[in-house]
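Following: one structure in C-alpha cells, then a few remarks.
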Amino acid sequence: TSAYPKPAPHRADKNILKGDVVGAYTYEEIREFVGDDLDFSLICHRIKAGSDEMVEHRCRVDWKGVKGYPLIYKGYVGISGYLCGEYRVDKDGTIYLPVSDIKLNPDGTLASKYQSMFFLKSTDNGYSFEYVGGLTYKEEYNLPNAIDVEGFLECCFEICDDGSFFAILRSGSISPFVRGDDEHPAPKSYITYSHDKGVTWSEPEVFYDYGVLPRSTRMPDGTFLMTSGRPGVYIR
C-alpha cells in the first residue's frame, strides 16, 4: 500500500546465503521464505548440544501490535548482521536482541521515514522472540544539513550489574573523513539508557560526532570496551 516506503532491492542470492547479510523484500518475496505467516520474521542459525552442524531456524516474533515495514532478518543471532545487532543474555537467561526497521503508526502512516530501533527478548533460548520496546528516530537528532542520515540502523547494547541497559546507536554510516564537512556534518552517534529491561528508553544523547558500526564488549574487570568504524570509515 502507499503507507509503505518503496522496498529496497534484495541482494544477490550468493550474499544472502552467507548468513550475515540482510535483504529487504516485498510481501511476495518474503513468502518465498516464510509463507503467509510473517510472524516468522527472524531467521537464525544454531548448533545443538553435542552437534557440530549449524542448522537454520525460523523464530516466531510477537510484535505486540507494533507495525513495521516487513523485513526478513537473515543472520547469525549474536554475530552482527545488517539489521540485527549482537544479543546479550541477562542473569535470568533472557536473551535481548536489538533490531532496526522502519516503524509505522497504528493507522499505517510512517512514524519516521528513518530507521528506528526495536528491542526483542527471548525466554526460550532463542526459539521465539517478543517485542519489548524501542526508539523512534526523530529528525531533530541531526542538523537539517547533515548528510546521509539513516536513523538508528546499528546498535550495540550492554546489560549492567544493576540490571539496567545502555545502548549506543549510529544514525549514519559515514565520518567527516569520508564526506562530511563543516557545512554538511556527518550523522552523530547516540547513547540511551533503560531501567525497565528495554521497555522504555531515555531520550538519546549525543555520544560522539559520528560512529558507524558501534560494538562493545564487557572486560574481565567489569568495564566496557566500545569500538566503532570499519575500513575506510574511521575506526576508533
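Convention: chains lettered A, B, ... in C-alpha cells order; per-chain residue numbering from 1; ligands numbered from 1 as shown.
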Every residue of segment 96-178 of chain A that DSSP places in strand (DSSP E or B), as a VMD selection string
chain A and resid 96 to 104 110 to 122 128 to 135 149 151 155 to 159 165 to 170 172
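Of the residues listed (A:Glu86, A:Glu183, A:Asp162, A:Glu130), A:Glu183 shows the shortest atom-to-atom separation from Leu143 of chain A; distances use only C-alpha atoms.
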Kindly give the distance, in Å, that separates atom CA of Gly163 of chain A and atom CA of Tyr131 of chain A, rounded to a single decimal.
18.5 Å
Test item: residues at most 9 Å from segment 191-203 of chain A, only C-alpha atoms, excluding those fewer than 2 positions along its chain, as an NGL selection string:
:A and (96 or 119-120 or 131-135 or 159 or 163-169 or 189 or 205-208)
Output N, CA and C atoms for every residue in the selection just made, as a PDB file, in the first residue's frame.
```
ATOM      1  N   TYR A  96      18.232 -10.689  24.915  1.00  0.00           N
ATOM      2  CA  TYR A  96      17.752  -9.422  24.378  1.00  0.00           C
ATOM      3  C   TYR A  96      18.484  -9.135  23.074  1.00  0.00           C
ATOM      4  N   PHE A 119      13.656  -3.494  20.314  1.00  0.00           N
ATOM      5  CA  PHE A 119      14.326  -4.454  21.179  1.00  0.00           C
ATOM      6  C   PHE A 119      13.401  -5.648  21.402  1.00  0.00           C
ATOM      7  N   LEU A 120      13.926  -6.826  21.128  1.00  0.00           N
ATOM      8  CA  LEU A 120      13.199  -8.077  21.280  1.00  0.00           C
ATOM      9  C   LEU A 120      13.804  -8.881  22.421  1.00  0.00           C
ATOM     10  N   TYR A 131       8.415  -8.515  21.153  1.00  0.00           N
ATOM     11  CA  TYR A 131       8.757  -7.093  21.209  1.00  0.00           C
ATOM     12  C   TYR A 131       8.728  -6.607  22.645  1.00  0.00           C
ATOM     13  N   VAL A 132       9.744  -5.831  23.026  1.00  0.00           N
ATOM     14  CA  VAL A 132       9.818  -5.272  24.372  1.00  0.00           C
ATOM     15  C   VAL A 132       9.610  -3.766  24.338  1.00  0.00           C
ATOM     16  N   GLY A 133      10.372  -3.065  23.530  1.00  0.00           N
ATOM     17  CA  GLY A 133      10.288  -1.618  23.433  1.00  0.00           C
ATOM     18  C   GLY A 133      11.163  -1.139  22.299  1.00  0.00           C
ATOM     19  N   GLY A 134      11.280   0.176  22.168  1.00  0.00           N
ATOM     20  CA  GLY A 134      12.083   0.664  21.061  1.00  0.00           C
ATOM     21  C   GLY A 134      12.306   2.157  21.095  1.00  0.00           C
ATOM     22  N   LEU A 135      13.037   2.626  20.095  1.00  0.00           N
ATOM     23  CA  LEU A 135      13.375   4.034  19.951  1.00  0.00           C
ATOM     24  C   LEU A 135      13.042   4.487  18.540  1.00  0.00           C
ATOM     25  N   ILE A 159      24.187  -5.016  29.242  1.00  0.00           N
ATOM     26  CA  ILE A 159      23.428  -5.147  30.476  1.00  0.00           C
ATOM     27  C   ILE A 159      24.387  -4.921  31.640  1.00  0.00           C
ATOM     28  N   GLY A 163      21.286  -4.366  36.426  1.00  0.00           N
ATOM     29  CA  GLY A 163      20.144  -4.758  35.602  1.00  0.00           C
ATOM     30  C   GLY A 163      19.722  -3.732  34.580  1.00  0.00           C
ATOM     31  N   SER A 164      20.304  -2.542  34.629  1.00  0.00           N
ATOM     32  CA  SER A 164      19.963  -1.520  33.642  1.00  0.00           C
ATOM     33  C   SER A 164      20.654  -1.812  32.316  1.00  0.00           C
ATOM     34  N   PHE A 165      20.132  -1.228  31.239  1.00  0.00           N
ATOM     35  CA  PHE A 165      20.702  -1.380  29.907  1.00  0.00           C
ATOM     36  C   PHE A 165      21.240  -0.034  29.433  1.00  0.00           C
ATOM     37  N   PHE A 166      22.253  -0.073  28.589  1.00  0.00           N
ATOM     38  CA  PHE A 166      22.578   1.108  27.808  1.00  0.00           C
ATOM     39  C   PHE A 166      22.821   0.683  26.377  1.00  0.00           C
ATOM     40  N   ALA A 167      22.520   1.567  25.438  1.00  0.00           N
ATOM     41  CA  ALA A 167      22.674   1.269  24.017  1.00  0.00           C
ATOM     42  C   ALA A 167      23.342   2.450  23.336  1.00  0.00           C
ATOM     43  N   ILE A 168      24.230   2.157  22.413  1.00  0.00           N
ATOM     44  CA  ILE A 168      24.878   3.162  21.581  1.00  0.00           C
ATOM     45  C   ILE A 168      24.466   2.902  20.146  1.00  0.00           C
ATOM     46  N   LEU A 169      23.950   3.935  19.468  1.00  0.00           N
ATOM     47  CA  LEU A 169      23.353   3.763  18.151  1.00  0.00           C
ATOM     48  C   LEU A 169      23.970   4.733  17.155  1.00  0.00           C
ATOM     49  N   SER A 189      26.405   9.778  16.558  1.00  0.00           N
ATOM     50  CA  SER A 189      26.028   8.559  17.272  1.00  0.00           C
ATOM     51  C   SER A 189      25.455   8.964  18.626  1.00  0.00           C
ATOM     52  N   GLU A 205      21.060  10.844  23.824  1.00  0.00           N
ATOM     53  CA  GLU A 205      22.010  11.940  23.932  1.00  0.00           C
ATOM     54  C   GLU A 205      23.177  11.689  22.976  1.00  0.00           C
ATOM     55  N   VAL A 206      23.766  12.760  22.484  1.00  0.00           N
ATOM     56  CA  VAL A 206      24.891  12.615  21.563  1.00  0.00           C
ATOM     57  C   VAL A 206      26.041  11.910  22.281  1.00  0.00           C
ATOM     58  N   PHE A 207      26.506  10.814  21.685  1.00  0.00           N
ATOM     59  CA  PHE A 207      27.649  10.080  22.222  1.00  0.00           C
ATOM     60  C   PHE A 207      28.951  10.557  21.589  1.00  0.00           C
ATOM     61  N   TYR A 208      28.900  10.772  20.268  1.00  0.00           N
ATOM     62  CA  TYR A 208      30.070  11.284  19.551  1.00  0.00           C
ATOM     63  C   TYR A 208      29.583  11.918  18.247  1.00  0.00           C
TER      64      TYR A 208
END
```
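If you count only C-alpha atoms and ignore residues fewer than 3 places along the chain from Asp209 of chain A, what sits within 10 Å of it is A:Arg170, A:Ser175, A:Pro176, A:Pro185, A:Ala186, A:Pro187, A:Lys188, A:Ser189, A:Tyr190, A:Val206.
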Counting only C-alpha atoms, the residue of A:Ala111, A:Cys59, A:Cys160, A:Ala49 that sits nearest Glu139 of chain A:
A:Ala111
One decimal, Å: what's the distance from atom CA of Gln115 of chain A over to atom CA of Thr223 of chain A, could you say?
29.6 Å
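Using only C-alpha atoms, the shortest contact distance between Met117 of chain A and any of A:Pro220, A:Gly65, A:Pro204, A:Gly211 is found at A:Pro204.
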Please provide the set of residues having any atom within 8 Å of Arg215 of chain A, restricted to only C-alpha atoms, with same-chain residues fewer than 2 positions apart removed, written as a ChimeraX atom specification.
/A:155-156,213,217,226-228
Given the selection you just returned, output its residues as a file containing N, CA, C and O atoms, formatted as a PDB file, in the first residue's frame.
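Printed below is result19.pdb as written:
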```
ATOM      1  N   CYS A 155      23.371  -0.844  16.327  1.00  0.00           N
ATOM      2  CA  CYS A 155      23.292  -0.639  17.766  1.00  0.00           C
ATOM      3  C   CYS A 155      24.170  -1.647  18.483  1.00  0.00           C
ATOM      4  O   CYS A 155      24.226  -2.812  18.109  1.00  0.00           O
ATOM      5  N   CYS A 156      24.868  -1.182  19.506  1.00  0.00           N
ATOM      6  CA  CYS A 156      25.457  -2.104  20.476  1.00  0.00           C
ATOM      7  C   CYS A 156      24.815  -1.793  21.819  1.00  0.00           C
ATOM      8  O   CYS A 156      24.511  -0.633  22.110  1.00  0.00           O
ATOM      9  N   LEU A 213      28.901   1.390  12.896  1.00  0.00           N
ATOM     10  CA  LEU A 213      29.111   0.026  13.383  1.00  0.00           C
ATOM     11  C   LEU A 213      29.615  -0.001  14.832  1.00  0.00           C
ATOM     12  O   LEU A 213      30.687  -0.526  15.122  1.00  0.00           O
ATOM     13  N   THR A 217      32.016  -4.726  24.294  1.00  0.00           N
ATOM     14  CA  THR A 217      32.218  -5.984  24.996  1.00  0.00           C
ATOM     15  C   THR A 217      32.541  -5.678  26.450  1.00  0.00           C
ATOM     16  O   THR A 217      33.049  -4.601  26.775  1.00  0.00           O
ATOM     17  N   MET A 226      34.342  -0.213  23.934  1.00  0.00           N
ATOM     18  CA  MET A 226      33.495   0.077  22.783  1.00  0.00           C
ATOM     19  C   MET A 226      34.360   0.506  21.607  1.00  0.00           C
ATOM     20  O   MET A 226      35.337   1.243  21.766  1.00  0.00           O
ATOM     21  N   THR A 227      34.052   0.021  20.421  1.00  0.00           N
ATOM     22  CA  THR A 227      34.724   0.434  19.197  1.00  0.00           C
ATOM     23  C   THR A 227      33.677   0.875  18.187  1.00  0.00           C
ATOM     24  O   THR A 227      32.485   0.554  18.311  1.00  0.00           O
ATOM     25  N   SER A 228      34.111   1.619  17.181  1.00  0.00           N
ATOM     26  CA  SER A 228      33.226   1.965  16.074  1.00  0.00           C
ATOM     27  C   SER A 228      34.072   2.158  14.832  1.00  0.00           C
ATOM     28  O   SER A 228      35.289   2.339  14.910  1.00  0.00           O
TER      29      SER A 228
END
```
